[in-house]
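Source file start.json; content: JSON, C-alpha atoms and all ligand atoms.
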[["chain", "number", "residue", "atom", "x", "y", "z"],
["A", 1, "MET", "CA", -1.53, 64.70, 118.34],
["A", 2, "SER", "CA", -4.81, 64.29, 120.23],
["A", 3, "GLN", "CA", -7.02, 61.26, 119.56],
["A", 4, "ARG", "CA", -9.68, 63.56, 118.08],
["A", 5, "VAL", "CA", -7.24, 65.00, 115.57],
["A", 6, "LYS", "CA", -5.92, 61.56, 114.68],
["A", 7, "PHE", "CA", -9.48, 60.37, 114.02],
["A", 8, "ASN", "CA", -10.19, 63.45, 111.89],
["A", 9, "GLN", "CA", -7.05, 62.79, 109.85],
["A", 10, "ARG", "CA", -7.87, 59.13, 109.32],
["A", 11, "LEU", "CA", -11.47, 59.92, 108.43],
["A", 12, "PHE", "CA", -10.64, 62.14, 105.47],
["A", 13, "ASP", "CA", -7.83, 59.83, 104.38],
["A", 14, "LEU", "CA", -10.33, 57.06, 103.76],
["A", 15, "PRO", "CA", -10.66, 56.52, 99.99],
["A", 16, "LEU", "CA", -14.45, 56.98, 100.20],
["A", 17, "LEU", "CA", -14.15, 60.35, 101.92],
["A", 18, "GLN", "CA", -11.17, 61.79, 100.07],
["A", 19, "GLY", "CA", -13.42, 63.56, 97.57],
["A", 20, "VAL", "CA", -15.42, 65.14, 100.42],
["A", 21, "GLY", "CA", -12.18, 66.28, 102.04],
["A", 22, "ARG", "CA", -10.98, 67.88, 98.82],
["A", 23, "SER", "CA", -14.24, 69.72, 98.28],
["A", 24, "ILE", "CA", -14.28, 71.07, 101.87],
["A", 25, "HIS", "CA", -10.69, 72.19, 101.39],
["A", 26, "ALA", "CA", -11.43, 73.86, 98.03],
["A", 27, "ARG", "CA", -14.20, 75.89, 99.68],
["A", 28, "ARG", "CA", -11.91, 76.89, 102.58],
["A", 29, "LEU", "CA", -9.19, 77.89, 100.13],
["A", 30, "ALA", "CA", -11.62, 80.10, 98.20],
["A", 31, "ARG", "CA", -13.26, 81.70, 101.26],
["A", 32, "GLN", "CA", -10.83, 81.90, 104.15],
["A", 33, "THR", "CA", -8.70, 85.00, 104.61],
["A", 34, "ARG", "CA", -5.02, 84.16, 104.44],
["A", 35, "PHE", "CA", -2.82, 85.32, 107.31],
["A", 36, "GLN", "CA", 0.80, 84.87, 108.30],
["A", 37, "SER", "CA", 1.67, 83.10, 111.52],
["A", 38, "THR", "CA", 4.91, 82.50, 113.40],
["A", 39, "ALA", "CA", 3.93, 78.93, 114.42],
["A", 40, "THR", "CA", 6.97, 76.68, 114.32],
["A", 41, "ARG", "CA", 8.71, 74.05, 116.37],
["A", 42, "PHE", "CA", 11.98, 72.21, 116.70],
["A", 43, "PHE", "CA", 12.60, 69.16, 114.50],
["A", 44, "ARG", "CA", 9.36, 69.69, 112.64],
["A", 45, "ASN", "CA", 10.47, 67.43, 109.80],
["A", 46, "LEU", "CA", 13.68, 65.59, 110.59],
["A", 47, "LYS", "CA", 13.13, 63.18, 107.71],
["A", 48, "GLN", "CA", 13.58, 66.05, 105.25],
["A", 49, "PHE", "CA", 17.01, 66.91, 106.71],
["A", 50, "GLN", "CA", 18.05, 63.28, 106.22],
["A", 51, "ALA", "CA", 18.16, 63.99, 102.48],
["A", 52, "PHE", "CA", 21.75, 65.10, 103.24],
["A", 53, "GLU", "CA", 22.48, 61.42, 103.85],
["A", 54, "GLY", "CA", 20.67, 60.51, 100.62],
["A", 55, "PRO", "CA", 20.18, 62.49, 97.41],
["A", 56, "LEU", "CA", 21.81, 65.69, 98.72],
["A", 57, "SER", "CA", 24.96, 64.00, 100.03],
["A", 58, "GLY", "CA", 27.04, 65.78, 97.38],
["A", 59, "LEU", "CA", 26.25, 69.13, 99.01],
["A", 60, "ALA", "CA", 27.72, 68.00, 102.34],
["A", 61, "ASP", "CA", 30.76, 66.08, 101.13],
["A", 62, "GLY", "CA", 33.16, 68.48, 102.84],
["A", 63, "GLN", "CA", 34.80, 69.53, 99.55],
["A", 64, "ALA", "CA", 33.49, 73.09, 99.93],
["A", 65, "PRO", "CA", 31.78, 75.09, 102.70],
["A", 66, "LEU", "CA", 28.03, 74.43, 102.87],
["A", 67, "ARG", "CA", 26.03, 77.68, 102.80],
["A", 68, "ILE", "CA", 22.36, 77.57, 103.80],
["A", 69, "LEU", "CA", 19.66, 80.26, 103.84],
["A", 70, "VAL", "CA", 16.49, 79.91, 105.93],
["A", 71, "ALA", "CA", 13.83, 82.39, 104.79],
["A", 72, "GLY", "CA", 10.87, 82.96, 107.14],
["A", 73, "CYS", "CA", 12.73, 81.42, 110.09],
["A", 74, "SER", "CA", 10.29, 82.65, 112.77],
["A", 75, "PHE", "CA", 11.74, 81.90, 116.25],
["A", 76, "GLY", "CA", 14.70, 80.09, 114.70],
["A", 77, "CYS", "CA", 13.57, 76.54, 115.53],
["A", 78, "GLU", "CA", 13.94, 75.31, 111.96],
["A", 79, "ALA", "CA", 17.38, 76.86, 111.41],
["A", 80, "TYR", "CA", 18.75, 75.62, 114.75],
["A", 81, "SER", "CA", 17.20, 72.16, 114.22],
["A", 82, "LEU", "CA", 19.07, 71.87, 110.93],
["A", 83, "ALA", "CA", 22.19, 73.18, 112.66],
["A", 84, "GLY", "CA", 21.91, 70.50, 115.37],
["A", 85, "TYR", "CA", 21.43, 67.82, 112.75],
["A", 86, "LEU", "CA", 24.47, 68.98, 110.73],
["A", 87, "ALA", "CA", 26.63, 69.27, 113.86],
["A", 88, "VAL", "CA", 25.93, 65.62, 114.72],
["A", 89, "ARG", "CA", 25.92, 64.03, 111.27],
["A", 90, "PHE", "CA", 28.49, 66.17, 109.45],
["A", 91, "PRO", "CA", 31.04, 67.33, 112.03],
["A", 92, "GLN", "CA", 33.71, 67.49, 109.30],
["A", 93, "VAL", "CA", 31.73, 69.94, 107.14],
["A", 94, "ASP", "CA", 32.24, 73.70, 107.35],
["A", 95, "TRP", "CA", 28.60, 74.81, 107.33],
["A", 96, "THR", "CA", 26.93, 78.17, 108.06],
["A", 97, "ILE", "CA", 23.28, 79.17, 108.12],
["A", 98, "ASP", "CA", 21.84, 82.64, 107.42],
["A", 99, "ALA", "CA", 18.27, 83.00, 108.66],
["A", 100, "PHE", "CA", 15.83, 85.90, 108.40],
["A", 101, "ASP", "CA", 12.23, 86.77, 109.10],
["A", 102, "ILE", "CA", 9.91, 89.73, 108.56],
["A", 103, "SER", "CA", 8.74, 89.64, 112.21],
["A", 104, "GLN", "CA", 10.96, 91.65, 114.56],
["A", 105, "ALA", "CA", 9.43, 89.86, 117.56],
["A", 106, "ALA", "CA", 10.25, 86.43, 116.14],
["A", 107, "ILE", "CA", 13.79, 87.52, 115.26],
["A", 108, "ALA", "CA", 14.35, 88.76, 118.82],
["A", 109, "VAL", "CA", 13.57, 85.24, 120.08],
["A", 110, "ALA", "CA", 15.81, 83.62, 117.45],
["A", 111, "GLN", "CA", 18.70, 85.95, 118.27],
["A", 112, "ARG", "CA", 18.38, 85.37, 122.01],
["A", 113, "ALA", "CA", 18.36, 81.62, 121.31],
["A", 114, "VAL", "CA", 16.81, 80.70, 124.65],
["A", 115, "TYR", "CA", 13.72, 78.50, 124.44],
["A", 116, "GLY", "CA", 10.85, 77.46, 126.68],
["A", 117, "PRO", "CA", 7.61, 75.60, 125.86],
["A", 118, "LYS", "CA", 6.15, 78.77, 124.26],
["A", 119, "HIS", "CA", 8.63, 78.74, 121.41],
["A", 120, "GLY", "CA", 8.57, 75.38, 119.78],
["A", 121, "LEU", "CA", 9.99, 72.92, 122.31],
["A", 122, "GLY", "CA", 7.94, 69.76, 122.37],
["A", 123, "ASP", "CA", 7.54, 66.08, 122.13],
["A", 124, "PRO", "CA", 9.95, 65.28, 119.29],
["A", 125, "LEU", "CA", 12.89, 66.35, 121.45],
["A", 126, "GLU", "CA", 12.35, 63.16, 123.39],
["A", 127, "ARG", "CA", 12.04, 60.84, 120.40],
["A", 128, "GLU", "CA", 14.10, 60.44, 117.23],
["A", 129, "ALA", "CA", 15.40, 64.00, 117.53],
["A", 130, "LYS", "CA", 16.96, 63.38, 120.96],
["A", 131, "PRO", "CA", 20.60, 62.98, 119.82],
["A", 132, "TYR", "CA", 20.37, 66.24, 117.88],
["A", 133, "ALA", "CA", 18.56, 68.05, 120.70],
["A", 134, "ASP", "CA", 21.21, 66.85, 123.16],
["A", 135, "ARG", "CA", 23.94, 68.38, 120.94],
["A", 136, "LEU", "CA", 21.94, 71.58, 120.30],
["A", 137, "PHE", "CA", 20.87, 72.71, 123.76],
["A", 138, "GLU", "CA", 22.28, 73.51, 127.16],
["A", 139, "ARG", "CA", 19.59, 72.99, 129.78],
["A", 140, "CYS", "CA", 18.85, 75.47, 132.55],
["A", 141, "GLY", "CA", 15.65, 74.71, 134.48],
["A", 142, "ASP", "CA", 12.70, 74.76, 132.08],
["A", 143, "GLU", "CA", 14.69, 76.67, 129.49],
["A", 144, "ARG", "CA", 17.14, 75.50, 126.88],
["A", 145, "THR", "CA", 19.82, 77.65, 125.28],
["A", 146, "ILE", "CA", 21.51, 76.94, 121.94],
["A", 147, "VAL", "CA", 25.13, 75.93, 122.63],
["A", 148, "PRO", "CA", 27.68, 78.62, 121.71],
["A", 149, "ASP", "CA", 29.54, 76.75, 118.93],
["A", 150, "ILE", "CA", 26.26, 76.19, 117.04],
["A", 151, "ARG", "CA", 24.88, 79.67, 117.79],
["A", 152, "GLN", "CA", 28.03, 81.17, 116.21],
["A", 153, "ARG", "CA", 27.40, 79.42, 112.91],
["A", 154, "VAL", "CA", 23.80, 80.66, 112.60],
["A", 155, "SER", "CA", 23.36, 84.30, 111.68],
["A", 156, "VAL", "CA", 19.84, 85.65, 112.30],
["A", 157, "SER", "CA", 18.61, 88.95, 110.89],
["A", 158, "HIS", "CA", 15.49, 90.89, 110.07],
["A", 159, "GLY", "CA", 14.43, 90.76, 106.42],
["A", 160, "ASP", "CA", 11.50, 90.71, 104.04],
["A", 161, "LEU", "CA", 11.74, 88.30, 101.14],
["A", 162, "LEU", "CA", 9.38, 90.55, 99.17],
["A", 163, "ALA", "CA", 11.16, 93.85, 99.91],
["A", 164, "ASP", "CA", 12.31, 95.97, 96.94],
["A", 165, "ASP", "CA", 15.89, 95.85, 98.19],
["A", 166, "PHE", "CA", 16.01, 92.08, 98.74],
["A", 167, "THR", "CA", 19.01, 90.75, 96.86],
["A", 168, "ALA", "CA", 19.71, 87.16, 95.86],
["A", 169, "ASP", "CA", 22.88, 86.13, 94.09],
["A", 170, "GLN", "CA", 22.91, 82.35, 93.66],
["A", 171, "SER", "CA", 25.25, 82.01, 96.63],
["A", 172, "TYR", "CA", 23.49, 79.31, 98.69],
["A", 173, "ASP", "CA", 23.75, 75.54, 98.35],
["A", 174, "LEU", "CA", 20.37, 75.14, 100.02],
["A", 175, "VAL", "CA", 17.49, 77.53, 100.66],
["A", 176, "LEU", "CA", 14.63, 76.66, 103.02],
["A", 177, "ALA", "CA", 11.39, 78.61, 102.50],
["A", 178, "GLN", "CA", 8.83, 76.64, 104.41],
["A", 179, "ASN", "CA", 5.36, 77.14, 105.80],
["A", 180, "PHE", "CA", 4.82, 80.74, 104.78],
["A", 181, "LEU", "CA", 4.27, 80.68, 101.00],
["A", 182, "VAL", "CA", 0.98, 78.89, 101.74],
["A", 183, "HIS", "CA", -0.24, 82.05, 103.49],
["A", 184, "MET", "CA", 0.49, 84.31, 100.48],
["A", 185, "ASP", "CA", -1.80, 84.96, 97.53],
["A", 186, "ASP", "CA", -0.65, 83.51, 94.19],
["A", 187, "GLU", "CA", 1.03, 86.71, 93.00],
["A", 188, "ALA", "CA", 3.08, 87.19, 96.18],
["A", 189, "ALA", "CA", 3.94, 83.46, 96.38],
["A", 190, "SER", "CA", 5.15, 83.53, 92.79],
["A", 191, "GLU", "CA", 7.39, 86.58, 93.42],
["A", 192, "ALA", "CA", 8.72, 85.10, 96.67],
["A", 193, "PHE", "CA", 9.41, 81.80, 94.93],
["A", 194, "SER", "CA", 11.43, 83.52, 92.16],
["A", 195, "ARG", "CA", 13.59, 85.18, 94.80],
["A", 196, "ILE", "CA", 14.18, 81.87, 96.56],
["A", 197, "VAL", "CA", 15.24, 80.22, 93.30],
["A", 198, "ALA", "CA", 17.53, 83.17, 92.54],
["A", 199, "ALA", "CA", 19.31, 82.68, 95.87],
["A", 200, "VAL", "CA", 20.35, 79.06, 95.07],
["A", 201, "LYS", "CA", 23.55, 78.06, 93.29],
["A", 202, "PRO", "CA", 23.21, 76.01, 90.10],
["A", 203, "GLY", "CA", 22.97, 72.41, 91.23],
["A", 204, "GLY", "CA", 21.78, 73.51, 94.68],
["A", 205, "ALA", "CA", 18.55, 72.61, 96.43],
["A", 206, "ILE", "CA", 15.44, 74.20, 97.90],
["A", 207, "PHE", "CA", 13.09, 72.91, 100.60],
["A", 208, "VAL", "CA", 9.57, 74.27, 100.11],
["A", 209, "GLY", "CA", 7.19, 72.37, 102.34],
["A", 210, "GLY", "CA", 4.12, 74.38, 103.27],
["A", 211, "MET", "CA", 2.94, 75.81, 99.98],
["A", 212, "ASP", "CA", -0.28, 75.49, 98.05],
["A", 213, "LEU", "CA", 0.27, 72.34, 95.97],
["A", 214, "ASP", "CA", -1.25, 73.59, 92.69],
["A", 215, "THR", "CA", 0.76, 76.80, 92.92],
["A", 216, "LYS", "CA", 3.89, 74.80, 93.62],
["A", 217, "VAL", "CA", 3.48, 72.50, 90.62],
["A", 218, "GLY", "CA", 3.10, 75.53, 88.31],
["A", 219, "LEU", "CA", 6.15, 77.31, 89.72],
["A", 220, "ILE", "CA", 8.35, 74.21, 89.66],
["A", 221, "LYS", "CA", 7.61, 73.84, 85.97],
["A", 222, "HIS", "CA", 8.11, 77.54, 85.27],
["A", 223, "HIS", "CA", 11.54, 77.60, 86.96],
["A", 224, "GLU", "CA", 12.53, 74.20, 85.50],
["A", 225, "LEU", "CA", 13.34, 72.78, 88.93],
["A", 226, "ILE", "CA", 13.99, 69.09, 89.37],
["A", 227, "PRO", "CA", 11.84, 67.31, 92.00],
["A", 228, "VAL", "CA", 13.80, 64.99, 94.28],
["A", 229, "ASP", "CA", 12.04, 61.64, 94.37],
["A", 230, "TRP", "CA", 13.15, 60.48, 97.83],
["A", 231, "GLU", "CA", 11.03, 59.53, 100.87],
["A", 232, "ILE", "CA", 8.23, 61.71, 99.52],
["A", 233, "GLU", "CA", 5.44, 60.01, 101.46],
["A", 234, "ALA", "CA", 7.37, 59.87, 104.74],
["A", 235, "ILE", "CA", 8.23, 63.58, 104.54],
["A", 236, "HIS", "CA", 4.66, 64.44, 103.53],
["A", 237, "ASP", "CA", 3.13, 62.55, 106.44],
["A", 238, "SER", "CA", 5.70, 63.92, 108.91],
["A", 239, "ASP", "CA", 4.12, 67.35, 108.44],
["A", 240, "GLU", "CA", 1.77, 66.69, 111.36],
["A", 241, "MET", "CA", 0.83, 70.33, 111.90],
["A", 242, "ARG", "CA", -0.76, 70.53, 108.44],
["A", 243, "ARG", "CA", -1.79, 66.92, 107.84],
["A", 244, "SER", "CA", -3.65, 66.62, 111.13],
["A", 245, "THR", "CA", -5.91, 69.59, 110.38],
["A", 246, "TRP", "CA", -6.90, 68.53, 106.84],
["A", 247, "PRO", "CA", -9.26, 69.62, 105.31],
["A", 248, "TRP", "CA", -10.47, 72.38, 107.61],
["A", 249, "GLY", "CA", -8.01, 75.19, 106.94],
["A", 250, "TYR", "CA", -6.75, 76.55, 103.61],
["A", 251, "TRP", "CA", -3.18, 75.85, 104.82],
["A", 252, "THR", "CA", -3.80, 72.14, 105.53],
["A", 253, "LEU", "CA", -2.24, 69.24, 103.65],
["A", 254, "GLU", "CA", -4.15, 66.65, 101.65],
["A", 255, "PRO", "CA", -3.52, 62.90, 101.81],
["A", 256, "ILE", "CA", -1.17, 61.68, 99.10],
["A", 257, "ASP", "CA", -2.82, 60.60, 95.87],
["A", 258, "ARG", "CA", -0.43, 58.08, 94.29],
["A", 259, "SER", "CA", -2.38, 58.02, 91.04],
["A", 260, "ARG", "CA", -1.60, 61.63, 90.12],
["A", 261, "PRO", "CA", 0.59, 62.06, 87.03],
["A", 262, "ASP", "CA", 2.28, 65.07, 88.73],
["A", 263, "PHE", "CA", 2.93, 63.01, 91.91],
["A", 264, "THR", "CA", 6.64, 63.92, 92.29],
["A", 265, "ALA", "CA", 6.33, 67.66, 91.68],
["A", 266, "ARG", "CA", 3.15, 67.89, 93.76],
["A", 267, "TYR", "CA", 4.23, 65.99, 96.84],
["A", 268, "SER", "CA", 8.02, 66.36, 96.97],
["A", 269, "THR", "CA", 9.23, 69.26, 99.13],
["A", 270, "ILE", "CA", 12.83, 69.05, 97.87],
["A", 271, "PHE", "CA", 13.88, 70.43, 94.49],
["A", 272, "ARG", "CA", 17.19, 70.92, 92.71],
["A", 273, "THR", "CA", 18.26, 73.68, 90.39],
["A", 274, "LYS", "CA", 19.96, 72.58, 87.19],
["A", 275, "ALA", "CA", 23.73, 72.22, 87.47],
["A", 276, "ALA", "CA", 25.83, 74.85, 85.70],
["A", 277, "VAL", "CA", 26.69, 73.87, 82.15],
["A", 278, "SER", "CA", 30.46, 74.06, 81.75],
["A", 279, "GLN", "CA", 31.47, 76.53, 79.07],
["A", 280, "PRO", "CA", 33.56, 75.18, 76.18],
["A", 281, "VAL", "CA", 37.16, 76.41, 76.33],
["A", 282, "VAL", "CA", 37.77, 78.74, 73.41],
["A", 283, "SER", "CA", 41.33, 78.99, 72.17],
["A", 284, "ASP", "CA", 42.60, 81.38, 69.53],
["B", 301, "LIG", "C1", 4.66, 79.59, 110.04],
["B", 301, "LIG", "S1", 6.22, 80.32, 110.26],
["B", 301, "LIG", "C2", 7.27, 79.00, 109.72],
["B", 301, "LIG", "C3", 8.62, 79.04, 110.34],
["B", 301, "LIG", "C4", 9.58, 77.96, 109.82],
["B", 301, "LIG", "N1", 9.94, 78.23, 108.45],
["B", 301, "LIG", "C5", 8.98, 76.59, 109.91],
["B", 301, "LIG", "O1", 8.70, 75.99, 108.88],
["B", 301, "LIG", "O2", 8.76, 76.11, 111.02],
["B", 301, "LIG", "C6", 6.31, 81.45, 108.88],
["B", 301, "LIG", "C7", 7.25, 82.63, 109.09],
["B", 301, "LIG", "O3", 7.43, 83.28, 107.83],
["B", 301, "LIG", "C8", 7.57, 84.67, 108.08],
["B", 301, "LIG", "N2", 7.34, 85.45, 106.86],
["B", 301, "LIG", "C9", 6.17, 85.66, 106.23],
["B", 301, "LIG", "N3", 6.34, 86.46, 105.15],
["B", 301, "LIG", "C10", 7.65, 86.74, 105.11],
["B", 301, "LIG", "C11", 8.46, 87.54, 104.24],
["B", 301, "LIG", "N4", 7.91, 88.20, 103.21],
["B", 301, "LIG", "N5", 9.78, 87.62, 104.45],
["B", 301, "LIG", "C12", 10.34, 86.96, 105.51],
["B", 301, "LIG", "N6", 9.63, 86.22, 106.38],
["B", 301, "LIG", "C13", 8.31, 86.10, 106.18],
["B", 301, "LIG", "C14", 6.56, 84.92, 109.19],
["B", 301, "LIG", "O4", 6.84, 86.12, 109.90],
["B", 301, "LIG", "C15", 6.71, 83.66, 110.05],
["B", 301, "LIG", "O5", 7.60, 83.86, 111.11]]
Represent the structure of the file as structure tokens.
Ligand SMILES: C[S@@+](CC[C@H](N)C(=O)[O-])C[C@H]1O[C@@H](n2cnc3c(N)ncnc32)[C@H](O)[C@@H]1O
Amino acid sequence: MSQRVKFNQRLFDLPLLQGVGRSIHARRLARQTRFQSTATRFFRNLKQFQAFEGPLSGLADGQAPLRILVAGCSFGCEAYSLAGYLAVRFPQVDWTIDAFDISQAAIAVAQRAVYGPKHGLGDPLEREAKPYADRLFERCGDERTIVPDIRQRVSVSHGDLLADDFTADQSYDLVLAQNFLVHMDDEAASEAFSRIVAAVKPGGAIFVGGMDLDTKVGLIKHHELIPVDWEIEAIHDSDEMRRSTWPWGYWTLEPIDRSRPDFTARYSTIFRTKAAVSQPVVSD
């Protein structure tokens, strides 16, 4: 992050200026045209993945294969980052990731699985993400290629979450749908969200960072999802791409307001679906 951006972020985080920030953002939200973008990068929010070592540990206990869906995967950085993390932390687990995106150009990059600075390589590879990046990539000059054993476990395809023929059958333990619902209008975001929820098993989880917060709170309630109260502030503030641009774009992310009664639903990015209720055994 540049010094200028850091200063901007700190400025509108100051208690005195938080109201100004919110009113600038409300105007941007009302006036700016929403557009989709393929912006992504590797290890964008490693802290979020670490929920597998916390509240989501039951999903990766090795008792059953772990099935993950990444919707709106762009160049594949998010799906492969999660893959690298799982390969290092859960080598005993049989995991697979299905990833899809509406952009054919982005999918071509994800399927080729060869990355240069243009497609999401950056700073974090050298910091806390280094052990995962070392497991994930083979280096060749300026480029890095996803190693074959990880590439094989990640299936990348073209798909539109909002297409008429999109099917979802509660078959995934975890669904990631991050940083594209924020670019949809409320009606499309609501439809997309229903499809995401329908893809998750009972007792499974969804990651939905990068959504309009008011829209999210309403949809969480409507679908009776359970917010995961774990490292909420750390995950929130790790979203540098959106936090550092607050309040100037409609997609940007406000500073946390700890006094809000809807704090957990508003600021958590991890939600659980209710576990299946076991049916009583009926005997004749
Ligand atoms: C900003 S990128 C985020 C990529 C990744 N999820 C991340 O968080 O880094 C959003 C991606 O969502 C994709 N997308 C938007 N609408 C979609 C839809 N209806 N179905 C599938 N992908 C979609 C875009 O093409 C874009 O590649």
Using all atoms of region 238-250 of chain A that appear in the file, construct an axis-aligned enclosing box with 5 Å of padding on every side and provide its centre coordinates and edge lengths in Å, rounded to one decimal, as JSON.
{"center_x": -2.4, "center_y": 70.2, "center_z": 107.8, "size_x": 26.2, "size_y": 22.6, "size_z": 18.3}
Write out as a ChimeraX atom specification each polymer residue whose atoms come within 12 Å of Ala83 (chain A), counting all atoms listed in the file; drop sequence neighbours fewer than 2 positions from it.
/A:42-43,46,49,66-70,76-81,85-91,93-99,132-133,135-137,146-155
Any chance you could tabulate, as CSV, the residues of chain A at most 7 Å from ligand LIG 301 (chain B) with each one's nearest atom pair and distance in Å to one decimal, using all atoms listed in the file, in chain and rising number order?
residue,atom,partner,partner_atom,distance
A:Gln36,CA,B:LIG301,C9,5.8
A:Ser37,CA,B:LIG301,C1,4.8
A:Thr38,CA,B:LIG301,O5,3.8
A:Ala39,CA,B:LIG301,C1,4.5
A:Thr40,CA,B:LIG301,O2,3.8
A:Arg41,CA,B:LIG301,O2,5.7
A:Arg44,CA,B:LIG301,O2,6.6
A:Ala71,CA,B:LIG301,C12,5.8
A:Gly72,CA,B:LIG301,O3,3.5
A:Cys73,CA,B:LIG301,N1,4.5
A:Ser74,CA,B:LIG301,O5,3.4
A:Phe75,CA,B:LIG301,O5,6.9
A:Cys77,CA,B:LIG301,O2,6.6
A:Glu78,CA,B:LIG301,O2,5.3
A:Phe100,CA,B:LIG301,C12,6.3
A:Asp101,CA,B:LIG301,N6,3.8
A:Ile102,CA,B:LIG301,N6,4.1
A:Ser103,CA,B:LIG301,O4,4.6
A:Ala106,CA,B:LIG301,O5,6.2
A:Gly159,CA,B:LIG301,C12,5.7
A:Asp160,CA,B:LIG301,N5,3.6
A:Leu161,CA,B:LIG301,N5,3.9
A:Leu162,CA,B:LIG301,N4,4.9
A:Ala177,CA,B:LIG301,N1,6.1
A:Gln178,CA,B:LIG301,N1,4.5
A:Asn179,CA,B:LIG301,O1,4.7
A:Phe180,CA,B:LIG301,C6,4.4
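The gap separating CA of Met184 (chain A) from CA of Asp164 (chain A) is 17.0 Å, in Å to one decimal.
The two atoms in question, CA of Lys47 (chain A) and CA of Val20 (chain A), are spaced 29.5 Å apart.
A straight line drawn from CA of Ser171 (chain A) to CA of Ile220 (chain A) is 19.9 Å long.
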Quick one: region 155-168 of chain A with N, CA and C atoms, as an mmCIF file, in the frame of the given file?
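Below you can see rebuild-v1.cif, which holds the result:
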data_model
loop_
_atom_site.group_PDB
_atom_site.id
_atom_site.type_symbol
_atom_site.label_atom_id
_atom_site.label_comp_id
_atom_site.auth_asym_id
_atom_site.auth_seq_id
_atom_site.Cartn_x
_atom_site.Cartn_y
_atom_site.Cartn_z
ATOM 1 N N SER A 155 23.500 82.842 111.627
ATOM 2 C CA SER A 155 23.360 84.300 111.680
ATOM 3 C C SER A 155 21.885 84.643 111.429
ATOM 4 N N VAL A 156 21.286 85.356 112.380
ATOM 5 C CA VAL A 156 19.840 85.650 112.300
ATOM 6 C C VAL A 156 19.644 87.145 112.102
ATOM 7 N N SER A 157 18.841 87.517 111.113
ATOM 8 C CA SER A 157 18.610 88.950 110.890
ATOM 9 C C SER A 157 17.167 89.214 110.467
ATOM 10 N N HIS A 158 16.814 90.496 110.506
ATOM 11 C CA HIS A 158 15.490 90.890 110.070
ATOM 12 C C HIS A 158 15.509 91.057 108.552
ATOM 13 N N GLY A 159 14.471 90.578 107.877
ATOM 14 C CA GLY A 159 14.430 90.760 106.420
ATOM 15 C C GLY A 159 13.083 90.371 105.864
ATOM 16 N N ASP A 160 12.768 90.988 104.720
ATOM 17 C CA ASP A 160 11.500 90.710 104.040
ATOM 18 C C ASP A 160 11.830 90.163 102.651
ATOM 19 N N LEU A 161 11.452 88.939 102.426
ATOM 20 C CA LEU A 161 11.740 88.300 101.140
ATOM 21 C C LEU A 161 11.134 89.083 99.978
ATOM 22 N N LEU A 162 10.057 89.825 100.245
ATOM 23 C CA LEU A 162 9.380 90.550 99.170
ATOM 24 C C LEU A 162 9.788 92.022 99.098
ATOM 25 N N ALA A 163 10.760 92.436 99.908
ATOM 26 C CA ALA A 163 11.160 93.850 99.910
ATOM 27 C C ALA A 163 11.841 94.216 98.593
ATOM 28 N N ASP A 164 11.702 95.506 98.202
ATOM 29 C CA ASP A 164 12.310 95.970 96.940
ATOM 30 C C ASP A 164 13.822 95.780 96.955
ATOM 31 N N ASP A 165 14.419 95.917 98.151
ATOM 32 C CA ASP A 165 15.890 95.850 98.190
ATOM 33 C C ASP A 165 16.406 94.443 98.524
ATOM 34 N N PHE A 166 15.527 93.443 98.478
ATOM 35 C CA PHE A 166 16.010 92.080 98.740
ATOM 36 C C PHE A 166 16.914 91.638 97.591
ATOM 37 N N THR A 167 18.110 91.191 97.927
ATOM 38 C CA THR A 167 19.010 90.750 96.860
ATOM 39 C C THR A 167 19.297 89.248 96.993
ATOM 40 N N ALA A 168 19.421 88.599 95.866
ATOM 41 C CA ALA A 168 19.710 87.160 95.860
ATOM 42 C C ALA A 168 20.722 86.923 94.755
#
